[in-house]
Amino acid sequence: MGFFSFLFRRPIFIGDAVFGRLRQEDADKQTGKAWFITEDLVFPPTGYAISCDIDATADGPSSAQQAFYQHIEQNYNKLTASLIPIIEDGFRNWEFPHRIQDFATEFQLLGLSIPEIDPQCTSPVEWYWSFDTVHDANHMLTIYMSGDTPLPGVQFDG
């Protein structure tokens, strides 16, 4: 144990059957809640590695969270198709009128968030995902979702 080890704690890693290697970024010992980030998670519909932020218990993601992620994987094309009008509207509001011709070539998924999911709750899961775009190398787009429905507005971060 080094002299400064009390200042810099070692990262905690866990393995998950769906998400692979997860790094615990933060944990609240009082509530048992934790925040994890994926390490090199390849998203099958795109073939690219993405970042996935997961709010869970200290034990890791629940089966409901794993199922939710798999739902996004399986319905990726349908879900991204529903984003097109929202993104085009955001471009117009940003004084950048552009029609999306081919979502897969114009946008690359960077990451998504998976909140805690109560399996007993029937309301839609509130989550978000972020994309890079070939239309503006200086900004990424974040779209907030309620279940499979995109919420109005696009957040441009740069």
# chains A, B, ... in the order shown; residues from 1 in each chain; ligands from 1
>>> select_by_dssp(residues="chain A", states="helix (DSSP H, G or I)", output="PyMOL selection string")
chain A and resi 63-74+76-93+103-106
>>> write_last_selection(atoms="N, CA, C and O atoms", output="compact mmCIF listing (two decimals), in the first residue's frame")
# COMPACT_ATOMS: atom_id res chain seq x y z
N SER A 63 -31.78 -7.55 -13.90
CA SER A 63 -32.24 -8.24 -15.11
C SER A 63 -33.17 -7.33 -15.92
O SER A 63 -33.19 -7.41 -17.15
N ALA A 64 -33.92 -6.43 -15.25
CA ALA A 64 -34.78 -5.48 -15.97
C ALA A 64 -33.92 -4.51 -16.79
O ALA A 64 -34.28 -4.16 -17.92
N GLN A 65 -32.79 -4.08 -16.25
CA GLN A 65 -31.90 -3.19 -16.99
C GLN A 65 -31.25 -3.91 -18.16
O GLN A 65 -31.10 -3.35 -19.24
N GLN A 66 -30.87 -5.15 -17.95
CA GLN A 66 -30.30 -5.94 -19.04
C GLN A 66 -31.33 -6.11 -20.16
O GLN A 66 -31.00 -5.95 -21.34
N ALA A 67 -32.56 -6.43 -19.80
CA ALA A 67 -33.63 -6.61 -20.79
C ALA A 67 -33.92 -5.30 -21.53
O ALA A 67 -34.15 -5.30 -22.74
N PHE A 68 -33.87 -4.18 -20.82
CA PHE A 68 -34.10 -2.88 -21.45
C PHE A 68 -33.02 -2.58 -22.49
O PHE A 68 -33.32 -2.16 -23.61
N TYR A 69 -31.77 -2.81 -22.13
CA TYR A 69 -30.66 -2.61 -23.07
C TYR A 69 -30.86 -3.52 -24.31
O TYR A 69 -30.69 -3.06 -25.44
N GLN A 70 -31.20 -4.76 -24.10
CA GLN A 70 -31.41 -5.69 -25.21
C GLN A 70 -32.58 -5.24 -26.08
O GLN A 70 -32.56 -5.41 -27.31
N HIS A 71 -33.59 -4.62 -25.46
CA HIS A 71 -34.71 -4.07 -26.23
C HIS A 71 -34.22 -2.95 -27.15
O HIS A 71 -34.63 -2.87 -28.32
N ILE A 72 -33.34 -2.10 -26.65
CA ILE A 72 -32.78 -1.03 -27.48
C ILE A 72 -31.99 -1.63 -28.64
O ILE A 72 -32.13 -1.19 -29.79
N GLU A 73 -31.17 -2.64 -28.35
CA GLU A 73 -30.41 -3.31 -29.41
C GLU A 73 -31.33 -3.87 -30.49
O GLU A 73 -31.11 -3.64 -31.68
N GLN A 74 -32.35 -4.59 -30.08
CA GLN A 74 -33.24 -5.28 -31.01
C GLN A 74 -34.12 -4.32 -31.81
O GLN A 74 -34.55 -4.65 -32.91
N TYR A 76 -33.25 -1.01 -32.51
CA TYR A 76 -32.44 0.16 -32.82
C TYR A 76 -32.93 0.89 -34.08
O TYR A 76 -33.10 2.11 -34.07
N ASN A 77 -33.16 0.19 -35.16
CA ASN A 77 -33.57 0.84 -36.41
C ASN A 77 -34.91 1.54 -36.27
O ASN A 77 -35.09 2.65 -36.76
N LYS A 78 -35.84 0.90 -35.60
CA LYS A 78 -37.16 1.51 -35.38
C LYS A 78 -37.04 2.74 -34.47
O LYS A 78 -37.65 3.78 -34.72
N LEU A 79 -36.24 2.61 -33.42
CA LEU A 79 -36.07 3.72 -32.48
C LEU A 79 -35.38 4.91 -33.15
O LEU A 79 -35.78 6.06 -32.95
N THR A 80 -34.33 4.66 -33.93
CA THR A 80 -33.63 5.77 -34.57
C THR A 80 -34.50 6.42 -35.65
O THR A 80 -34.41 7.63 -35.86
N ALA A 81 -35.34 5.65 -36.30
CA ALA A 81 -36.26 6.23 -37.29
C ALA A 81 -37.18 7.25 -36.63
O ALA A 81 -37.51 8.28 -37.24
N SER A 82 -37.57 6.99 -35.39
CA SER A 82 -38.46 7.93 -34.69
C SER A 82 -37.73 9.21 -34.28
O SER A 82 -38.37 10.21 -33.95
N LEU A 83 -36.40 9.20 -34.32
CA LEU A 83 -35.62 10.38 -33.96
C LEU A 83 -35.51 11.39 -35.09
O LEU A 83 -35.27 12.57 -34.85
N ILE A 84 -35.68 10.94 -36.31
CA ILE A 84 -35.43 11.80 -37.47
C ILE A 84 -36.23 13.10 -37.43
O ILE A 84 -35.65 14.18 -37.57
N PRO A 85 -37.56 13.07 -37.23
CA PRO A 85 -38.28 14.35 -37.19
C PRO A 85 -37.83 15.27 -36.04
O PRO A 85 -37.76 16.48 -36.20
N ILE A 86 -37.47 14.69 -34.91
CA ILE A 86 -37.02 15.47 -33.76
C ILE A 86 -35.68 16.15 -34.08
O ILE A 86 -35.47 17.33 -33.79
N ILE A 87 -34.76 15.39 -34.69
CA ILE A 87 -33.44 15.95 -35.02
C ILE A 87 -33.57 17.00 -36.11
O ILE A 87 -32.96 18.08 -36.01
N GLU A 88 -34.36 16.73 -37.15
CA GLU A 88 -34.54 17.72 -38.21
C GLU A 88 -35.15 19.00 -37.67
O GLU A 88 -34.74 20.11 -38.06
N ASP A 89 -36.09 18.88 -36.75
CA ASP A 89 -36.67 20.06 -36.12
C ASP A 89 -35.61 20.81 -35.30
O ASP A 89 -35.55 22.04 -35.33
N GLY A 90 -34.78 20.08 -34.60
CA GLY A 90 -33.69 20.69 -33.85
C GLY A 90 -32.71 21.42 -34.75
O GLY A 90 -32.24 22.50 -34.41
N PHE A 91 -32.42 20.83 -35.91
CA PHE A 91 -31.53 21.49 -36.87
C PHE A 91 -32.15 22.81 -37.35
O PHE A 91 -31.47 23.82 -37.47
N ARG A 92 -33.46 22.80 -37.64
CA ARG A 92 -34.14 24.02 -38.10
C ARG A 92 -34.07 25.11 -37.03
O ARG A 92 -33.83 26.27 -37.33
N ASN A 93 -34.30 24.71 -35.78
CA ASN A 93 -34.24 25.69 -34.68
C ASN A 93 -32.82 26.20 -34.46
O ASN A 93 -32.64 27.27 -33.88
N PHE A 103 -29.69 7.78 -41.81
CA PHE A 103 -29.35 7.95 -40.41
C PHE A 103 -28.05 7.22 -40.05
O PHE A 103 -27.19 7.76 -39.36
N ALA A 104 -27.90 6.01 -40.53
CA ALA A 104 -26.74 5.18 -40.18
C ALA A 104 -25.42 5.78 -40.62
O ALA A 104 -24.41 5.61 -39.94
N THR A 105 -25.39 6.50 -41.73
CA THR A 105 -24.14 7.10 -42.18
C THR A 105 -23.95 8.53 -41.65
O THR A 105 -22.84 9.02 -41.61
N GLU A 106 -25.05 9.17 -41.24
CA GLU A 106 -24.97 10.55 -40.79
C GLU A 106 -24.82 10.69 -39.27
O GLU A 106 -24.40 11.73 -38.79
>>> residues_around(residues="Lys29 (chain A)", least_positions_apart="5", cutoff="12 Å", atoms="only C-alpha atoms", output="list in words")
Ala34, Trp35, Thr57, Ala58 and Asp59 of chain A
>>> write_last_selection(atoms="N, CA and C atoms", output="mmCIF file, in the first residue's frame")
data_model
loop_
_atom_site.group_PDB
_atom_site.id
_atom_site.type_symbol
_atom_site.label_atom_id
_atom_site.label_comp_id
_atom_site.auth_asym_id
_atom_site.auth_seq_id
_atom_site.Cartn_x
_atom_site.Cartn_y
_atom_site.Cartn_z
ATOM 1 N N ALA A 34 -25.331 2.663 -6.875
ATOM 2 C CA ALA A 34 -24.038 2.836 -7.523
ATOM 3 C C ALA A 34 -24.238 3.291 -8.962
ATOM 4 N N TRP A 35 -23.195 3.857 -9.522
ATOM 5 C CA TRP A 35 -23.192 4.291 -10.908
ATOM 6 C C TRP A 35 -22.048 3.578 -11.603
ATOM 7 N N THR A 57 -27.730 -0.920 -8.301
ATOM 8 C CA THR A 57 -27.279 -1.190 -6.947
ATOM 9 C C THR A 57 -25.797 -1.530 -7.017
ATOM 10 N N ALA A 58 -25.149 -1.592 -5.885
ATOM 11 C CA ALA A 58 -23.717 -1.898 -5.855
ATOM 12 C C ALA A 58 -23.414 -3.284 -6.431
ATOM 13 N N ASP A 59 -24.428 -4.155 -6.508
ATOM 14 C CA ASP A 59 -24.252 -5.493 -7.083
ATOM 15 C C ASP A 59 -24.181 -5.468 -8.607
#
>>> atom_distance(atom1="CA of His135 (chain A)", atom2="CA of Gly111 (chain A)")
18.3 Å
>>> closest_residue(among="A:Leu22, A:Asp55, A:His98, A:Ser113", to="Asp136 (chain A)", atoms="only C-alpha atoms")
A:His98
>>> atom_distance(atom1="CA of Ser123 (chain A)", atom2="CA of Leu41 (chain A)")
27.5 Å
>>> residues_around(residues="region 24-26 of chain A", least_positions_apart="2", cutoff="12 Å", atoms="only C-alpha atoms", output="count of residues only")
29
>>> atom_distance(atom1="CA of Tyr48 (chain A)", atom2="CA of Tyr128 (chain A)")
17.9 Å
>>> select_by_dssp(residues="region 74-148 of chain A", states="strand (DSSP E)", output="list in words")
Phe107, Gln108, Leu109, Leu110, Gly111, Leu112, Ser113, Ile114, Glu126, Trp127, Tyr128, Trp129, Ser130, Phe131, Asp132, Thr133, Met140, Leu141, Thr142, Ile143, Tyr144, Met145 and Ser146 of chain A
>>> write_last_selection(atoms="N, CA and C atoms", output="compact mmCIF listing (two decimals), in the first residue's frame")
# COMPACT_ATOMS: atom_id res chain seq x y z
N PHE A 107 -25.14 9.63 -38.54
CA PHE A 107 -25.11 9.68 -37.08
C PHE A 107 -24.46 8.42 -36.51
N GLN A 108 -23.64 8.60 -35.50
CA GLN A 108 -23.00 7.47 -34.83
C GLN A 108 -23.35 7.53 -33.34
N LEU A 109 -23.91 6.44 -32.84
CA LEU A 109 -24.24 6.36 -31.42
C LEU A 109 -22.97 6.42 -30.59
N LEU A 110 -22.95 7.34 -29.63
CA LEU A 110 -21.82 7.46 -28.71
C LEU A 110 -22.09 6.75 -27.40
N GLY A 111 -23.30 6.90 -26.89
CA GLY A 111 -23.61 6.30 -25.61
C GLY A 111 -25.06 6.44 -25.25
N LEU A 112 -25.43 5.74 -24.19
CA LEU A 112 -26.79 5.82 -23.68
C LEU A 112 -26.79 5.65 -22.18
N SER A 113 -27.89 6.05 -21.58
CA SER A 113 -28.04 5.93 -20.13
C SER A 113 -29.10 4.89 -19.82
N ILE A 114 -28.88 4.16 -18.76
CA ILE A 114 -29.89 3.21 -18.30
C ILE A 114 -30.12 3.49 -16.82
N GLU A 126 -37.42 6.45 -18.42
CA GLU A 126 -36.87 7.74 -18.86
C GLU A 126 -35.36 7.56 -19.05
N TRP A 127 -34.86 7.78 -20.25
CA TRP A 127 -33.46 7.56 -20.55
C TRP A 127 -33.04 8.51 -21.66
N TYR A 128 -31.75 8.50 -22.02
CA TYR A 128 -31.28 9.34 -23.12
C TYR A 128 -30.14 8.63 -23.85
N TRP A 129 -29.90 9.12 -25.07
CA TRP A 129 -28.76 8.64 -25.83
C TRP A 129 -28.15 9.80 -26.61
N SER A 130 -26.87 9.65 -26.94
CA SER A 130 -26.11 10.71 -27.59
C SER A 130 -25.48 10.20 -28.87
N PHE A 131 -25.40 11.12 -29.85
CA PHE A 131 -24.88 10.77 -31.17
C PHE A 131 -23.89 11.83 -31.64
N ASP A 132 -22.89 11.39 -32.38
CA ASP A 132 -22.05 12.27 -33.18
C ASP A 132 -22.74 12.39 -34.53
N THR A 133 -22.48 13.49 -35.23
CA THR A 133 -23.04 13.65 -36.56
C THR A 133 -22.00 14.17 -37.53
N MET A 140 -22.22 17.19 -30.30
CA MET A 140 -22.92 15.91 -30.25
C MET A 140 -24.37 16.21 -29.89
N LEU A 141 -25.25 15.32 -30.27
CA LEU A 141 -26.67 15.50 -30.02
C LEU A 141 -27.11 14.53 -28.93
N THR A 142 -27.90 15.02 -28.00
CA THR A 142 -28.49 14.16 -26.98
C THR A 142 -30.00 14.25 -27.11
N ILE A 143 -30.63 13.09 -27.13
CA ILE A 143 -32.09 13.01 -27.25
C ILE A 143 -32.61 12.24 -26.05
N TYR A 144 -33.56 12.84 -25.38
CA TYR A 144 -34.18 12.22 -24.21
C TYR A 144 -35.39 11.42 -24.65
N MET A 145 -35.58 10.28 -23.99
CA MET A 145 -36.62 9.34 -24.38
C MET A 145 -37.52 9.01 -23.19
N SER A 146 -38.76 8.70 -23.50
CA SER A 146 -39.69 8.14 -22.53
C SER A 146 -40.16 6.82 -23.13
>>> closest_residue(among="A:Phe156, A:Phe19, A:Ile100, A:Thr122", to="Ile50 (chain A)", atoms="only C-alpha atoms")
A:Phe19
